[in-house]
file data-v3.tsv (TSV, C-alpha atoms)
chain	number	residue	atom	x	y	z
A	183	MET	CA	-39.86	54.16	90.58
A	184	ASN	CA	-40.10	57.32	88.47
A	185	VAL	CA	-36.94	59.37	88.13
A	186	LEU	CA	-38.69	62.16	86.20
A	187	GLU	CA	-42.30	63.33	85.90
A	188	ILE	CA	-43.30	66.21	83.63
A	189	ARG	CA	-46.79	67.60	84.08
A	190	GLY	CA	-48.45	70.26	81.92
A	191	LEU	CA	-45.14	71.79	80.84
A	192	LYS	CA	-45.44	74.93	78.72
A	193	THR	CA	-42.41	76.84	77.42
A	194	TYR	CA	-43.14	79.92	75.34
A	195	PHE	CA	-41.03	82.49	73.50
A	196	GLU	CA	-42.21	86.08	73.17
A	197	THR	CA	-41.14	87.67	69.88
A	198	GLY	CA	-42.02	90.70	67.82
A	199	ARG	CA	-44.24	88.51	65.65
A	200	GLY	CA	-46.11	86.90	68.52
A	201	THR	CA	-45.86	84.05	71.03
A	202	ILE	CA	-44.14	80.82	70.01
A	203	LYS	CA	-45.58	77.88	71.95
A	204	ALA	CA	-42.49	75.68	71.60
A	205	VAL	CA	-43.61	73.24	74.31
A	206	ASP	CA	-47.33	73.34	74.91
A	207	GLY	CA	-48.73	71.16	77.67
A	208	VAL	CA	-46.36	68.16	77.69
A	209	ASP	CA	-46.81	65.25	80.12
A	210	LEU	CA	-44.10	62.58	80.36
A	211	THR	CA	-42.89	59.99	82.84
A	212	LEU	CA	-39.49	58.29	82.89
A	213	LYS	CA	-38.83	55.25	85.07
A	214	LYS	CA	-35.47	54.64	86.70
A	215	GLY	CA	-33.08	52.79	84.39
A	216	ASP	CA	-35.25	53.26	81.29
A	217	THR	CA	-34.63	55.07	78.02
A	218	LEU	CA	-37.40	57.31	76.69
A	219	GLY	CA	-37.17	58.31	73.05
A	220	VAL	CA	-38.51	61.68	71.86
A	221	VAL	CA	-38.92	61.84	68.10
A	222	GLY	CA	-40.22	64.33	65.55
A	223	GLU	CA	-39.23	66.69	62.77
A	224	SER	CA	-37.07	69.75	63.33
A	225	GLY	CA	-39.08	72.53	64.92
A	226	CYS	CA	-41.41	70.24	66.86
A	227	GLY	CA	-40.09	71.25	70.30
A	228	LYS	CA	-37.78	68.36	71.18
A	229	THR	CA	-34.70	70.41	72.05
A	230	VAL	CA	-36.70	73.07	73.90
A	231	LEU	CA	-38.17	70.27	76.00
A	232	SER	CA	-34.68	69.14	77.05
A	233	LEU	CA	-33.54	72.71	77.71
A	234	SER	CA	-36.64	73.21	79.86
A	235	ILE	CA	-35.73	70.19	81.99
A	236	MET	CA	-32.24	71.66	82.47
A	237	ARG	CA	-33.77	75.12	83.01
A	238	LEU	CA	-31.57	76.50	80.26
A	239	VAL	CA	-34.31	78.07	78.14
A	240	PRO	CA	-32.71	80.95	76.18
A	241	LYS	CA	-33.38	84.41	77.57
A	242	PRO	CA	-34.59	87.03	77.00
A	243	GLY	CA	-37.81	85.90	75.41
A	244	GLY	CA	-37.97	82.27	76.50
A	245	LYS	CA	-39.87	81.32	79.65
A	246	ILE	CA	-41.43	78.28	81.28
A	247	VAL	CA	-44.93	79.60	81.88
A	248	ALA	CA	-46.64	76.57	83.44
A	249	GLY	CA	-46.18	72.99	84.60
A	250	LYS	CA	-44.02	70.86	86.85
A	251	ILE	CA	-40.71	69.07	86.28
A	252	ILE	CA	-40.39	66.62	89.16
A	253	PHE	CA	-36.96	65.02	89.44
A	254	GLU	CA	-36.72	62.35	92.15
A	255	GLY	CA	-39.54	63.99	94.09
A	256	THR	CA	-38.39	67.61	93.72
A	257	ASP	CA	-40.02	70.10	91.36
A	258	LEU	CA	-37.06	71.70	89.57
A	259	LEU	CA	-39.15	74.77	88.75
A	260	THR	CA	-39.32	75.67	92.47
A	261	LEU	CA	-35.52	75.74	92.92
A	262	ASP	CA	-33.39	78.87	92.80
A	263	GLU	CA	-30.60	79.19	90.25
A	264	SER	CA	-27.78	78.33	92.68
A	265	ARG	CA	-29.44	75.01	93.52
A	266	MET	CA	-30.00	74.26	89.82
A	267	ARG	CA	-26.30	74.85	89.14
A	268	GLU	CA	-25.53	72.15	91.70
A	269	ILE	CA	-27.87	69.72	89.93
A	270	ARG	CA	-26.73	70.43	86.36
A	271	GLY	CA	-23.78	68.24	85.44
A	272	LYS	CA	-23.97	66.30	88.69
A	273	ASP	CA	-27.46	64.77	88.92
A	274	ILE	CA	-28.75	65.71	85.46
A	275	SER	CA	-26.42	66.11	82.49
A	276	MET	CA	-26.91	66.81	78.82
A	277	ILE	CA	-25.22	65.59	75.66
A	278	PHE	CA	-25.59	68.42	73.17
A	279	GLN	CA	-26.16	68.00	69.45
A	280	GLU	CA	-22.98	69.59	68.05
A	281	PRO	CA	-19.71	68.88	69.90
A	282	MET	CA	-17.79	71.79	68.38
A	283	THR	CA	-20.27	74.28	69.84
A	284	SER	CA	-20.17	72.56	73.24
A	285	LEU	CA	-16.39	72.18	73.61
A	286	ASN	CA	-14.14	75.15	74.28
A	287	PRO	CA	-11.68	75.31	71.35
A	288	VAL	CA	-8.87	76.85	73.44
A	289	LEU	CA	-8.96	74.38	76.35
A	290	LYS	CA	-7.42	70.92	76.34
A	291	ILE	CA	-9.77	67.95	76.42
A	292	GLY	CA	-8.56	66.79	79.84
A	293	ASP	CA	-9.17	70.22	81.35
A	294	GLN	CA	-12.72	70.32	80.01
A	295	VAL	CA	-13.67	66.88	81.33
A	296	SER	CA	-11.96	67.46	84.68
A	297	GLU	CA	-13.64	70.83	85.22
A	298	VAL	CA	-16.98	69.24	86.13
A	299	LEU	CA	-15.21	66.96	88.64
A	300	ARG	CA	-13.54	69.90	90.36
A	301	LEU	CA	-16.82	71.83	90.41
A	302	HIS	CA	-19.13	69.11	91.72
A	303	GLN	CA	-16.84	66.71	93.57
A	304	GLY	CA	-14.17	69.07	94.88
A	305	LEU	CA	-11.25	67.08	93.45
A	306	SER	CA	-7.82	68.63	93.12
A	307	LYS	CA	-6.50	69.48	89.65
A	308	ALA	CA	-4.20	66.45	89.60
A	309	ASP	CA	-6.87	64.03	90.86
A	310	SER	CA	-9.52	65.39	88.51
A	311	LEU	CA	-7.20	65.07	85.50
A	312	ALA	CA	-6.37	61.48	86.45
A	313	ARG	CA	-10.07	60.72	86.77
A	314	ALA	CA	-10.75	62.45	83.43
A	315	VAL	CA	-8.30	60.09	81.72
A	316	GLU	CA	-10.16	57.10	83.21
A	317	ILE	CA	-13.49	58.46	81.95
A	318	LEU	CA	-12.09	59.05	78.46
A	319	ARG	CA	-11.01	55.41	78.47
A	320	MET	CA	-14.54	54.37	79.55
A	321	VAL	CA	-16.06	55.99	76.46
A	322	GLY	CA	-13.64	54.23	74.13
A	323	ILE	CA	-11.12	56.95	73.36
A	324	PRO	CA	-7.76	55.31	72.51
A	325	ALA	CA	-4.57	56.57	74.19
A	326	PRO	CA	-6.60	58.72	76.62
A	327	GLU	CA	-3.49	60.12	78.33
A	328	GLN	CA	-2.39	61.64	75.03
A	329	ARG	CA	-5.89	62.72	73.97
A	330	ALA	CA	-6.37	64.53	77.28
A	331	ARG	CA	-3.52	66.86	76.28
A	332	GLU	CA	-5.02	67.64	72.86
A	333	TYR	CA	-7.51	70.29	71.71
A	334	PRO	CA	-10.94	69.64	70.16
A	335	HIS	CA	-9.82	70.52	66.61
A	336	GLN	CA	-7.27	67.70	66.77
A	337	MET	CA	-10.00	65.08	67.12
A	338	SER	CA	-12.52	63.60	64.68
A	339	GLY	CA	-16.26	64.20	65.01
A	340	GLY	CA	-16.78	60.79	66.60
A	341	MET	CA	-13.98	61.38	69.12
A	342	ARG	CA	-15.37	64.80	70.03
A	343	GLN	CA	-18.80	63.25	70.61
A	344	ARG	CA	-17.18	60.73	72.97
A	345	VAL	CA	-15.61	63.63	74.86
A	346	ILE	CA	-19.06	65.22	75.26
A	347	ILE	CA	-20.36	61.90	76.61
A	348	ALA	CA	-17.37	61.64	78.96
A	349	THR	CA	-18.13	65.11	80.34
A	350	ALA	CA	-21.80	64.21	80.76
A	351	ILE	CA	-21.13	61.01	82.75
A	352	ALA	CA	-18.17	62.29	84.79
A	353	CYS	CA	-20.23	62.71	87.98
A	354	ARG	CA	-22.36	59.58	87.40
A	355	PRO	CA	-25.64	61.49	86.86
A	356	ARG	CA	-28.98	59.85	87.48
A	357	LEU	CA	-30.52	61.36	84.34
A	358	ILE	CA	-28.89	62.00	80.95
A	359	LEU	CA	-30.54	64.09	78.25
A	360	ALA	CA	-29.08	63.13	74.87
A	361	ASP	CA	-30.02	65.63	72.15
A	362	GLU	CA	-29.35	64.12	68.72
A	363	PRO	CA	-26.12	62.44	69.92
A	364	THR	CA	-25.42	60.78	66.56
A	365	THR	CA	-26.26	63.63	64.16
A	366	ALA	CA	-23.66	64.26	61.43
A	367	LEU	CA	-21.75	61.06	62.25
A	368	ASP	CA	-21.32	58.23	59.78
A	369	VAL	CA	-23.27	55.01	60.33
A	370	THR	CA	-20.38	53.08	61.88
A	371	ILE	CA	-19.62	55.82	64.41
A	372	GLN	CA	-23.34	56.22	65.15
A	373	ALA	CA	-23.54	52.55	66.13
A	374	GLN	CA	-20.47	52.89	68.36
A	375	ILE	CA	-21.89	55.97	70.13
A	376	LEU	CA	-25.23	54.22	70.73
A	377	ASP	CA	-23.43	51.14	72.09
A	378	ILE	CA	-21.44	53.36	74.47
A	379	LEU	CA	-24.59	55.09	75.74
A	380	GLU	CA	-26.36	51.77	76.31
A	381	ARG	CA	-23.36	50.26	78.12
A	382	LEU	CA	-22.85	53.31	80.32
A	383	LYS	CA	-26.55	53.42	81.17
A	384	GLU	CA	-26.26	49.90	82.58
A	385	GLU	CA	-22.93	50.51	84.32
A	386	LEU	CA	-24.00	53.78	85.94
A	387	ASP	CA	-27.63	52.75	86.60
A	388	THR	CA	-28.86	55.96	85.02
A	389	SER	CA	-31.93	56.93	82.99
A	390	VAL	CA	-31.88	58.49	79.52
A	391	ILE	CA	-34.08	60.75	77.44
A	392	LEU	CA	-32.94	60.28	73.85
A	393	ILE	CA	-33.98	63.03	71.44
A	394	THR	CA	-33.69	62.21	67.76
A	395	HIS	CA	-35.37	62.37	64.37
A	396	ASP	CA	-34.10	58.86	63.57
A	397	LEU	CA	-36.67	56.13	64.25
A	398	GLY	CA	-33.99	53.49	63.68
A	399	VAL	CA	-32.10	54.83	66.70
A	400	ILE	CA	-35.31	54.75	68.76
A	401	ALA	CA	-35.98	51.15	67.76
A	402	GLU	CA	-32.54	50.05	68.93
A	403	THR	CA	-32.28	51.90	72.22
A	404	ALA	CA	-35.57	53.10	73.74
A	405	ARG	CA	-38.25	51.29	75.70
A	406	ASP	CA	-40.94	53.96	75.25
A	407	VAL	CA	-41.29	56.73	72.68
A	408	ALA	CA	-43.02	60.10	72.60
A	409	VAL	CA	-43.81	61.54	69.17
A	410	MET	CA	-43.82	65.36	69.21
A	411	TYR	CA	-45.49	67.67	66.72
A	412	ALA	CA	-45.85	71.46	66.99
A	413	GLY	CA	-44.94	71.49	70.68
A	414	LYS	CA	-47.27	68.70	71.76
A	415	ILE	CA	-47.06	64.95	72.33
A	416	VAL	CA	-49.23	63.41	69.60
A	417	GLU	CA	-48.46	59.79	70.43
A	418	LEU	CA	-46.91	58.08	73.45
A	419	SER	CA	-46.31	54.35	73.38
A	420	PRO	CA	-43.98	51.44	74.07
A	421	VAL	CA	-41.57	51.30	71.13
A	422	LYS	CA	-42.71	47.87	69.92
A	423	GLU	CA	-46.36	48.96	69.83
A	424	LEU	CA	-45.57	52.14	67.92
A	425	PHE	CA	-43.77	50.23	65.19
A	426	ALA	CA	-46.42	47.49	65.08
A	427	ASP	CA	-49.52	49.70	65.25
A	428	PRO	CA	-48.96	53.48	65.01
A	429	LEU	CA	-52.22	55.31	65.78
A	430	HIS	CA	-51.56	58.92	64.83
A	431	PRO	CA	-51.33	59.82	61.11
A	432	TYR	CA	-48.10	61.73	61.81
A	433	SER	CA	-46.51	58.67	63.42
A	434	ARG	CA	-47.55	56.54	60.45
A	435	GLY	CA	-46.05	59.13	58.10
A	436	LEU	CA	-42.74	59.09	59.97
A	437	LEU	CA	-42.57	55.30	59.81
A	438	GLN	CA	-43.45	55.21	56.10
A	439	SER	CA	-40.64	57.67	55.36
A	440	VAL	CA	-37.93	55.46	56.90
A	441	PRO	CA	-35.60	54.07	54.20
A	442	LYS	CA	-35.98	50.32	53.75
A	443	SER	CA	-33.87	47.60	52.20
A	444	LYS	CA	-33.75	47.37	48.41
A	445	LYS	CA	-36.03	44.32	48.44
A	446	ALA	CA	-38.58	45.92	50.74
A	447	LYS	CA	-38.49	49.13	48.70
A	448	SER	CA	-39.18	47.25	45.47
A	449	GLU	CA	-42.14	45.53	47.08
A	450	ALA	CA	-43.59	48.62	48.75
A	451	GLY	CA	-42.74	51.20	46.08
A	452	TYR	CA	-41.15	54.60	46.68
A	453	LEU	CA	-40.79	56.15	50.10
A	454	LYS	CA	-43.81	58.16	51.18
A	455	ALA	CA	-43.06	61.70	52.31
A	456	ILE	CA	-45.33	63.68	54.63
A	457	PRO	CA	-46.62	66.61	52.55
A	458	GLY	CA	-46.08	70.19	53.69
A	459	THR	CA	-44.12	71.43	56.69
A	460	VAL	CA	-44.65	71.97	60.41
A	461	PRO	CA	-47.03	74.96	60.75
A	462	SER	CA	-45.76	78.27	62.06
A	463	LEU	CA	-45.80	78.23	65.84
A	464	TYR	CA	-46.70	81.93	65.80
A	465	ALA	CA	-50.24	81.16	64.66
A	466	LEU	CA	-51.32	77.54	64.84
A	467	PRO	CA	-54.64	76.73	63.19
A	468	PRO	CA	-57.70	75.98	65.33
A	469	GLY	CA	-58.26	72.30	65.94
A	470	CYS	CA	-55.57	69.73	65.24
A	471	SER	CA	-52.20	71.25	64.31
A	472	PHE	CA	-51.55	68.39	61.84
A	473	GLN	CA	-54.78	68.95	59.87
A	474	ASP	CA	-53.25	70.53	56.76
A	475	ARG	CA	-50.82	67.63	56.27
A	476	CYS	CA	-53.20	64.83	57.19
A	477	SER	CA	-54.84	62.65	54.53
A	478	VAL	CA	-57.70	61.58	56.83
A	479	ALA	CA	-58.60	64.95	58.39
A	480	GLU	CA	-62.32	65.73	58.68
A	481	ALA	CA	-64.36	68.79	59.63
A	482	LYS	CA	-64.09	68.13	63.37
A	483	CYS	CA	-60.28	68.11	63.09
A	484	ARG	CA	-60.42	71.73	61.89
A	485	ARG	CA	-62.73	72.88	64.70
A	486	GLU	CA	-61.65	71.09	67.87
A	487	GLU	CA	-58.25	70.11	69.21
A	488	PRO	CA	-58.14	66.44	70.27
A	489	GLY	CA	-56.84	65.46	73.68
A	490	LEU	CA	-54.23	62.80	74.41
A	491	THR	CA	-56.32	59.65	74.88
A	492	GLU	CA	-55.28	56.16	76.03
A	493	PHE	CA	-56.42	53.59	73.46
A	494	SER	CA	-54.67	50.57	74.98
A	495	PRO	CA	-52.57	50.19	78.15
A	496	GLY	CA	-49.71	52.66	77.88
A	497	HIS	CA	-50.53	53.67	74.28
A	498	PHE	CA	-51.83	57.24	73.91
A	499	ALA	CA	-52.63	59.31	70.82
A	500	ARG	CA	-53.96	62.80	70.09
A	501	CYS	CA	-56.31	62.24	67.14
A	502	TRP	CA	-60.06	62.29	66.49
A	503	ARG	CA	-59.77	59.63	63.81
A	504	CYS	CA	-58.32	57.09	66.26
A	505	ARG	CA	-61.65	56.82	68.06
call {"tool": "encode", "arguments": {"input": "data-v3.tsv", "output": "structure tokens"}}
result
Amino acid sequence: MNVLEIRGLKTYFETGRGTIKAVDGVDLTLKKGDTLGVVGESGCGKTVLSLSIMRLVPKPGGKIVAGKIIFEGTDLLTLDESRMREIRGKDISMIFQEPMTSLNPVLKIGDQVSEVLRLHQGLSKADSLARAVEILRMVGIPAPEQRAREYPHQMSGGMRQRVIIATAIACRPRLILADEPTTALDVTIQAQILDILERLKEELDTSVILITHDLGVIAETARDVAVMYAGKIVELSPVKELFADPLHPYSRGLLQSVPKSKKAKSEAGYLKAIPGTVPSLYALPPGCSFQDRCSVAEAKCRREEPGLTEFSPGHFARCWRCR
């Protein structure tokens, strides 16, 4: 059963310099209970994709101009704002990238976690605070009764991220969007946060879209992975197949740039970096958007844009040279 289907999604931003095609014709499917990884460099459209699903695209300027976002049989783009407010935080929740910009610095932790329970479940203040303490305990926060009475600045980065997760799971959502949930955390805390997400996914029977630039995180947590570049999906595959046989040159470049052990590095030489940067989304070149950074690009790549083609069951790529 599919919990989410995205079809032909396009999210554009109108600016004084032109139109930014931040998400440009994305198709994705997420099965119930699965984790889908979305990976790519900064500026590739990952966060805008998640904001589009939540219908939180920044305005003025940003707009979903085409496509469907079907959540459990309902196209979210057909709903009015009042209905979307009921869904956000209750059925679909989001773990944002930076906790200090997501938490209110002048409200106690317990009040912030309990707010979503009062809003969506109609609990009293006392009952919602008691439930908030239980949820803080679920995400591994020690002495949750005390922590609930503290403010965000009194907690470490890892503890604040756990609070964000607690807020996201408070109403037992059926879909969680996790946008770089381990960014700026040390390796030990990263592992703890990922373990918490995996455990809660099983306990709550929820589905997860995990957005990250870290392929190591994808390897540990996701079943399928979508590689984004310049607003498009350039490769879509089961995780094991992507690591074993990446088809798109961009995917291969990302994998080659992952730090390896000292022994592996000495055998393989220095890390290989992808030359150049993501092209300006104001004026993408004709043909393949990766052409100027690709070592195998040919004349056709500069004339015609490749479509997303299935090369083996469940493994798609957008590249002329894969044929």
call {"tool": "residues_near_point", "arguments": {"input": "data-v3.tsv", "point": "(-43.6, 61.3, 50.2)", "cutoff": "12 Å", "atoms": "only C-alpha atoms", "output": "ChimeraX atom specification"}}
result
/A:434-441,451-458,475
call {"tool": "residues_around", "arguments": {"input": "data-v3.tsv", "residues": "Leu357 of chain A", "least_positions_apart": "6", "cutoff": "8 Å", "atoms": "only C-alpha atoms", "output": "number ranges by chain"}}
result
A: 185, 273-275, 388-391
call {"tool": "write_last_selection", "arguments": {"input": "data-v3.tsv", "atoms": "C-alpha atoms", "output": "PDB file, in the frame of the given file"}}
result
ATOM      1  CA  VAL A 185     -36.940  59.370  88.130  1.00  0.00           C
ATOM      2  CA  ASP A 273     -27.460  64.770  88.920  1.00  0.00           C
ATOM      3  CA  ILE A 274     -28.750  65.710  85.460  1.00  0.00           C
ATOM      4  CA  SER A 275     -26.420  66.110  82.490  1.00  0.00           C
ATOM      5  CA  THR A 388     -28.860  55.960  85.020  1.00  0.00           C
ATOM      6  CA  SER A 389     -31.930  56.930  82.990  1.00  0.00           C
ATOM      7  CA  VAL A 390     -31.880  58.490  79.520  1.00  0.00           C
ATOM      8  CA  ILE A 391     -34.080  60.750  77.440  1.00  0.00           C
TER       9      ILE A 391
END
call {"tool": "closest_residue", "arguments": {"input": "data-v3.tsv", "among": "A:Ala499, A:Cys504, A:Ala401, A:Leu289", "to": "Glu417 of chain A", "atoms": "all atoms listed in the file"}}
result
A:Ala499
call {"tool": "closest_residue", "arguments": {"input": "data-v3.tsv", "among": "A:Gln473, A:Thr349, A:Gln336, A:Thr403", "to": "Pro287 of chain A", "atoms": "only C-alpha atoms"}}
result
A:Gln336
call {"tool": "closest_residue", "arguments": {"input": "data-v3.tsv", "among": "A:Gly227, A:Gly340, A:Gly469, A:Gly222", "to": "Tyr432 of chain A", "atoms": "all atoms listed in the file"}}
result
A:Gly222
call {"tool": "closest_residue", "arguments": {"input": "data-v3.tsv", "among": "A:Asp474, A:Glu380, A:Glu316, A:Asp309", "to": "Ala404 of chain A", "atoms": "all atoms listed in the file"}}
result
A:Glu380
call {"tool": "build_atoms", "arguments": {"input": "data-v3.tsv", "residues": "segment 215-245 of chain A", "atoms": "N, CA and C atoms", "output": "compact mmCIF listing (two decimals), keeping the file's coordinate frame"}}
result
# COMPACT_ATOMS: atom_id res chain seq x y z
N GLY A 215 -33.77 53.79 85.20
CA GLY A 215 -33.08 52.79 84.39
C GLY A 215 -33.61 52.63 82.98
N ASP A 216 -34.66 53.38 82.62
CA ASP A 216 -35.25 53.26 81.29
C ASP A 216 -34.68 54.31 80.33
N THR A 217 -34.93 54.08 79.05
CA THR A 217 -34.63 55.07 78.02
C THR A 217 -35.93 55.47 77.35
N LEU A 218 -36.22 56.76 77.35
CA LEU A 218 -37.40 57.31 76.69
C LEU A 218 -36.96 58.04 75.44
N GLY A 219 -37.48 57.63 74.29
CA GLY A 219 -37.17 58.31 73.05
C GLY A 219 -38.16 59.43 72.78
N VAL A 220 -37.66 60.56 72.29
CA VAL A 220 -38.51 61.68 71.86
C VAL A 220 -38.18 61.94 70.41
N VAL A 221 -39.17 61.80 69.54
CA VAL A 221 -38.92 61.84 68.10
C VAL A 221 -39.85 62.84 67.44
N GLY A 222 -39.41 63.39 66.32
CA GLY A 222 -40.22 64.33 65.55
C GLY A 222 -39.34 65.13 64.62
N GLU A 223 -39.97 65.86 63.71
CA GLU A 223 -39.23 66.69 62.77
C GLU A 223 -38.57 67.87 63.49
N SER A 224 -37.65 68.52 62.80
CA SER A 224 -37.07 69.75 63.33
C SER A 224 -38.16 70.79 63.53
N GLY A 225 -38.09 71.50 64.64
CA GLY A 225 -39.08 72.53 64.92
C GLY A 225 -40.29 72.04 65.69
N CYS A 226 -40.26 70.79 66.14
CA CYS A 226 -41.41 70.24 66.86
C CYS A 226 -41.33 70.47 68.37
N GLY A 227 -40.19 70.95 68.88
CA GLY A 227 -40.09 71.25 70.30
C GLY A 227 -39.24 70.31 71.11
N LYS A 228 -38.54 69.37 70.45
CA LYS A 228 -37.78 68.36 71.18
C LYS A 228 -36.64 68.98 72.00
N THR A 229 -35.84 69.82 71.35
CA THR A 229 -34.70 70.41 72.05
C THR A 229 -35.14 71.38 73.13
N VAL A 230 -36.20 72.15 72.87
CA VAL A 230 -36.70 73.07 73.90
C VAL A 230 -37.20 72.29 75.11
N LEU A 231 -37.76 71.11 74.89
CA LEU A 231 -38.17 70.27 76.00
C LEU A 231 -36.97 69.91 76.88
N SER A 232 -35.87 69.51 76.27
CA SER A 232 -34.68 69.14 77.05
C SER A 232 -34.09 70.35 77.75
N LEU A 233 -34.06 71.50 77.08
CA LEU A 233 -33.54 72.71 77.71
C LEU A 233 -34.43 73.15 78.88
N SER A 234 -35.73 72.88 78.76
CA SER A 234 -36.64 73.21 79.86
C SER A 234 -36.34 72.35 81.09
N ILE A 235 -36.06 71.08 80.87
CA ILE A 235 -35.73 70.19 81.99
C ILE A 235 -34.47 70.68 82.69
N MET A 236 -33.49 71.14 81.91
CA MET A 236 -32.24 71.66 82.47
C MET A 236 -32.38 73.10 82.98
N ARG A 237 -33.52 73.70 82.72
CA ARG A 237 -33.77 75.12 83.01
C ARG A 237 -32.71 76.00 82.36
N LEU A 238 -32.50 75.74 81.08
CA LEU A 238 -31.57 76.50 80.26
C LEU A 238 -32.27 77.14 79.07
N VAL A 239 -33.54 77.46 79.22
CA VAL A 239 -34.31 78.07 78.14
C VAL A 239 -33.69 79.43 77.82
N PRO A 240 -33.37 79.68 76.54
CA PRO A 240 -32.71 80.95 76.18
C PRO A 240 -33.50 82.18 76.61
N LYS A 241 -32.79 83.14 77.17
CA LYS A 241 -33.38 84.41 77.57
C LYS A 241 -32.57 85.54 76.94
N PRO A 242 -33.20 86.70 76.69
CA PRO A 242 -34.59 87.03 77.00
C PRO A 242 -35.55 86.42 75.98
N GLY A 243 -36.78 86.39 76.32
CA GLY A 243 -37.81 85.90 75.41
C GLY A 243 -38.38 84.56 75.82
N GLY A 244 -37.50 83.59 76.14
CA GLY A 244 -37.97 82.27 76.50
C GLY A 244 -38.35 82.17 77.97
N LYS A 245 -39.42 81.46 78.26
CA LYS A 245 -39.87 81.32 79.65
C LYS A 245 -40.74 80.08 79.81
